[in-house]
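Notes for the one structure printed next.
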Amino acid sequence: MRMHWQATVALTLALGGCGGQSDDPMPSDDAAGSSGSATDPGEPNNDDDDDDDDRPDDGEGPDRDDDGSDGGSTGDPVDPPEPEPWVWELPPNFPEPYVPEDNPMSAAKVELGRYLFYDTRLSVDGTFSCATCHQQELAFTDGAARAEGATGMIHPRSSMTLTNVVYASSLAWGNPELLDLETHAPGPMFGDAPIELGLVDEQDAIARIADEPVYDALFAAAYPGDDDPRTLDNMIKAIASFQRTLISGRAPFDRWFYDGDESAISASAKRGWELFNFPGECTYCHFGFNFSDATYFPSLFEWPLPFHNTGLYNEDGRGAYPAGNEGLYNFTGEPADMGKFKSPTLRNIAVTGPYMHDGSIETLEEVLDHYAVGGRIDTPHVDFQMTTFELTPAEVDDFMAFFDSLTDDSFLTDPALSDPWR
Ligand code: HEC
Ligand code: HEC
């Protein structure tokens, strides 16, 4: 796993696109026009997107049932009538996303998933849904430092944005085991450490929506040919399908960077983008079309699983993070993994505060203060790619203008992603 990540970094440096060394942060025209063109800003490896055959690390990568297909039919001998084929409406420069083979996309499944995602019946007291902690106008976060579950239990971590979650190479802040949305969903539904929705089990989940007639047609359309489609498995697949449509790539930044519309963002925001590259060197970890190195899509040559320590804590002089919030270390027990978390996407970042896994940084200005000193506290495990830099007040303003240019209003207000129960 660590090898993959280092390989990514090496390649990144070799191409000179992500370390901030480049004088010209704009992509060259031919880079945008050729190959999958998911290369920007600073995608390290996408020249190599002809096929999966030559993925060098296939054997070692995390074991997801990816055969490189685009999630078409499974070819089951008793195939029910095929639903309308799914057509991705992707922003320019976004690669085709990964979809597990056993859960192909369909419009009917997405619609069912939207109802379930927003359904407060699916919680212990009938007041919570996924959307309570993942609100559209906040790019599917909740505005709180740490999430509060249906029983009032405070989550150790902050609700994460679901912006472009279809591209996330792993799910949750520091978990290397949750590799797809189907595997993740039972956590918030049934988990008790902490309680999020507080459901008991499959029967409980099914019973809570049994009386809702709207679901008869929705389940029937989503799972045609299925005699008893109201199963937990089908619910989870539908919720996952809905989440795969939470795609944001039409921010003002994109209209400038990809479409070449010079008037889409201010001169200040353009300067901010340059500062982000250098001296910020933010693109070491927040690179590519999704501003996150924890990004996967099928034409990528490997499945990256990067996690980094950004120097937030040193509880014991030896780099310990607060107990229970130790990131990757909580899964591996490896001292070197202490405090390592996933780099979130920075798309819509202006509306997703407070920041970091525990919401311990209130504002984006304070995030910059944290990075300017190479991590707000000295800790032996801090990532070697963390640098130090100084910004003038005017440059801080430029940075903020750049962050604002990543806010995609069409995503935050898209009716197709909104609460269908209202
Ligand atoms: C009580 C608030 C709460 C509820 C309710 C909730 N979540 Fe979350 N969600 C969180 C928190 C907190 C995290 C970060 C979890 C962690 O790192 O341990 C998260 C993380 C996620 C992620 C990972 C995103 C990423 O980029 O890694 C997904 C996906 C997600 N939630 C989907 C859902 C779905 C689907 C539901 C409903 C079935 C749901 N959540 C219900 C608070 C909530
Ligand atoms: C070494 C990799 C790395 C570098 C370099 C880096 N980041 Fe991060 N970034 C991360 C990780 C990992 C997190 C989550 C850390 C945590 O929660 O403990 C993060 C979190 C953030 C967040 C909060 C995201 C959220 O949803 O809460 C912002 C904003 C951010 N980074 C901006 C920047 C900026 C601006 C720079 C450059 C000045 C930068 N990052 C450089 C890895 C990095």
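Residue names in the structure tokens use chain letters A, B, ... in the order shown, residue numbers from 1 in each chain, and ligand numbers from 1 in the order shown.
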* Give the residues close to ligand 1, within 6 Å, counting only C-alpha atoms and all ligand atoms; write them as a PyMOL selection string. => chain A and resi 117+129-130+132-133+147-149+155+157-160+162+165+168+171-173+181+185+188-189+196-197
* Please identify every polymer residue within 6 Å of ligand 2, using only C-alpha atoms and all ligand atoms, and present the set as a count of residues only. => 24
* Structure fact -> From CA of Arg250 in chain A to CA of Lys109 in chain A the spacing works out at 24.4 Å
* **Close residues, Val351 in chain A itself excluded, 7 Å, only C-alpha atoms, min 3 positions apart in chain, as a PyMOL selection string** => chain A and resi 138-139+348
Convert the current residue selection to file output with N, CA and C atoms, as a PDB file, in the first residue's frame.
ATOM      1  N   LEU A 138     -24.676  22.533   1.898  1.00  0.00           N
ATOM      2  CA  LEU A 138     -23.332  22.566   2.490  1.00  0.00           C
ATOM      3  C   LEU A 138     -22.434  21.517   1.815  1.00  0.00           C
ATOM      4  N   ALA A 139     -22.689  21.259   0.559  1.00  0.00           N
ATOM      5  CA  ALA A 139     -21.932  20.254  -0.196  1.00  0.00           C
ATOM      6  C   ALA A 139     -21.942  18.913   0.542  1.00  0.00           C
ATOM      7  N   ASN A 348     -15.815  22.778  -3.402  1.00  0.00           N
ATOM      8  CA  ASN A 348     -16.848  23.317  -2.497  1.00  0.00           C
ATOM      9  C   ASN A 348     -16.326  23.551  -1.086  1.00  0.00           C
TER      10      ASN A 348
END
* Write out as a ChimeraX atom specification which residues come within 12 Å of Val214 in chain A when counting only C-alpha atoms, dropping same-chain ones fewer than 4 positions away. => /A:111-112,115-116,119,209-210,218-221,420-421
Let's have the selection written as a CSV table (one decimal), in the first residue's frame, with N, CA and C atoms.
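The resulting file, out_32.csv, is shown below:
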chain,number,residue,atom,x,y,z
A,111,GLU,N,-33.0,7.2,-8.4
A,111,GLU,CA,-34.2,7.9,-7.8
A,111,GLU,C,-34.6,7.2,-6.5
A,112,LEU,N,-34.7,5.9,-6.4
A,112,LEU,CA,-35.0,5.2,-5.2
A,112,LEU,C,-34.0,5.6,-4.1
A,115,TYR,N,-34.7,8.9,-2.5
A,115,TYR,CA,-35.7,8.9,-1.5
A,115,TYR,C,-35.2,8.3,-0.2
A,116,LEU,N,-34.4,7.3,-0.3
A,116,LEU,CA,-33.9,6.6,0.9
A,116,LEU,C,-32.9,7.5,1.7
A,119,ASP,N,-34.8,10.0,3.7
A,119,ASP,CA,-35.9,9.5,4.4
A,119,ASP,C,-35.6,9.4,5.9
A,209,ILE,N,-39.9,1.5,6.6
A,209,ILE,CA,-40.4,2.1,5.4
A,209,ILE,C,-41.6,1.3,4.7
A,210,ALA,N,-42.0,0.2,5.5
A,210,ALA,CA,-43.0,-0.7,4.9
A,210,ALA,C,-44.3,0.0,4.6
A,218,LEU,N,-41.2,2.7,-6.6
A,218,LEU,CA,-39.8,3.0,-6.7
A,218,LEU,C,-38.9,1.7,-6.7
A,219,PHE,N,-39.3,0.8,-5.8
A,219,PHE,CA,-38.5,-0.4,-5.8
A,219,PHE,C,-38.8,-1.3,-7.0
A,220,ALA,N,-40.0,-1.3,-7.5
A,220,ALA,CA,-40.4,-2.1,-8.6
A,220,ALA,C,-39.6,-1.6,-9.9
A,221,ALA,N,-39.5,-0.3,-10.0
A,221,ALA,CA,-38.8,0.3,-11.1
A,221,ALA,C,-37.3,0.0,-11.0
A,420,PRO,N,-36.5,14.7,-2.1
A,420,PRO,CA,-37.7,14.5,-2.8
A,420,PRO,C,-39.0,14.5,-2.0
A,421,TRP,N,-38.8,14.5,-0.6
A,421,TRP,CA,-40.0,14.4,0.3
A,421,TRP,C,-40.6,15.8,0.5
* Kindly indicate which residue among A:Ala251, A:Leu199, A:Ala144, A:Leu346 lies nearest to Gly187 in chain A, using only C-alpha atoms for the distances. =>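 Of all the options, A:Leu199 lies closest to Gly187 in chain A.
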Where does DSSP see strand (DSSP E or B) in range 65-295 of chain A, if you list the residues as a CSV table (one decimal) with N, CA and C atoms, in the first residue's frame?
chain,number,residue,atom,x,y,z
A,135,GLN,N,-25.9,17.6,4.1
A,135,GLN,CA,-26.9,18.5,3.5
A,135,GLN,C,-26.4,19.2,2.2
A,141,THR,N,-22.3,18.3,3.8
A,141,THR,CA,-21.7,18.2,5.1
A,141,THR,C,-22.8,18.8,6.1
A,148,GLU,N,-23.4,14.9,15.1
A,148,GLU,CA,-24.3,14.4,16.2
A,148,GLU,C,-25.2,13.4,15.7
A,154,ILE,N,-22.1,12.2,20.2
A,154,ILE,CA,-21.3,13.0,19.3
A,154,ILE,C,-20.2,12.1,18.7
A,168,ALA,N,-13.9,8.6,-4.8
A,168,ALA,CA,-13.0,8.4,-3.6
A,168,ALA,C,-12.4,7.1,-3.6
A,192,ASP,N,-22.9,1.3,16.1
A,192,ASP,CA,-23.2,1.9,17.4
A,192,ASP,C,-22.0,2.5,18.1
A,195,ILE,N,-23.3,5.9,17.4
A,195,ILE,CA,-24.6,5.8,16.7
A,195,ILE,C,-24.9,6.9,15.7
A,295,THR,N,-8.0,9.6,-5.0
A,295,THR,CA,-9.0,9.5,-6.1
A,295,THR,C,-8.7,8.3,-7.0
* **Surrounding residues of Asn314 in chain A excluding itself and chain neighbours under 3 positions, 9 Å, only C-alpha atoms, as an MDAnalysis selection string** => chainID A and resid 311 317:322 377:380
* Name the closest residue to Ala207 in chain A among the candidates A:Arg146, A:Arg422, A:His370, A:Arg121; distances are taken between atoms, counting only C-alpha atoms. => A:Arg121
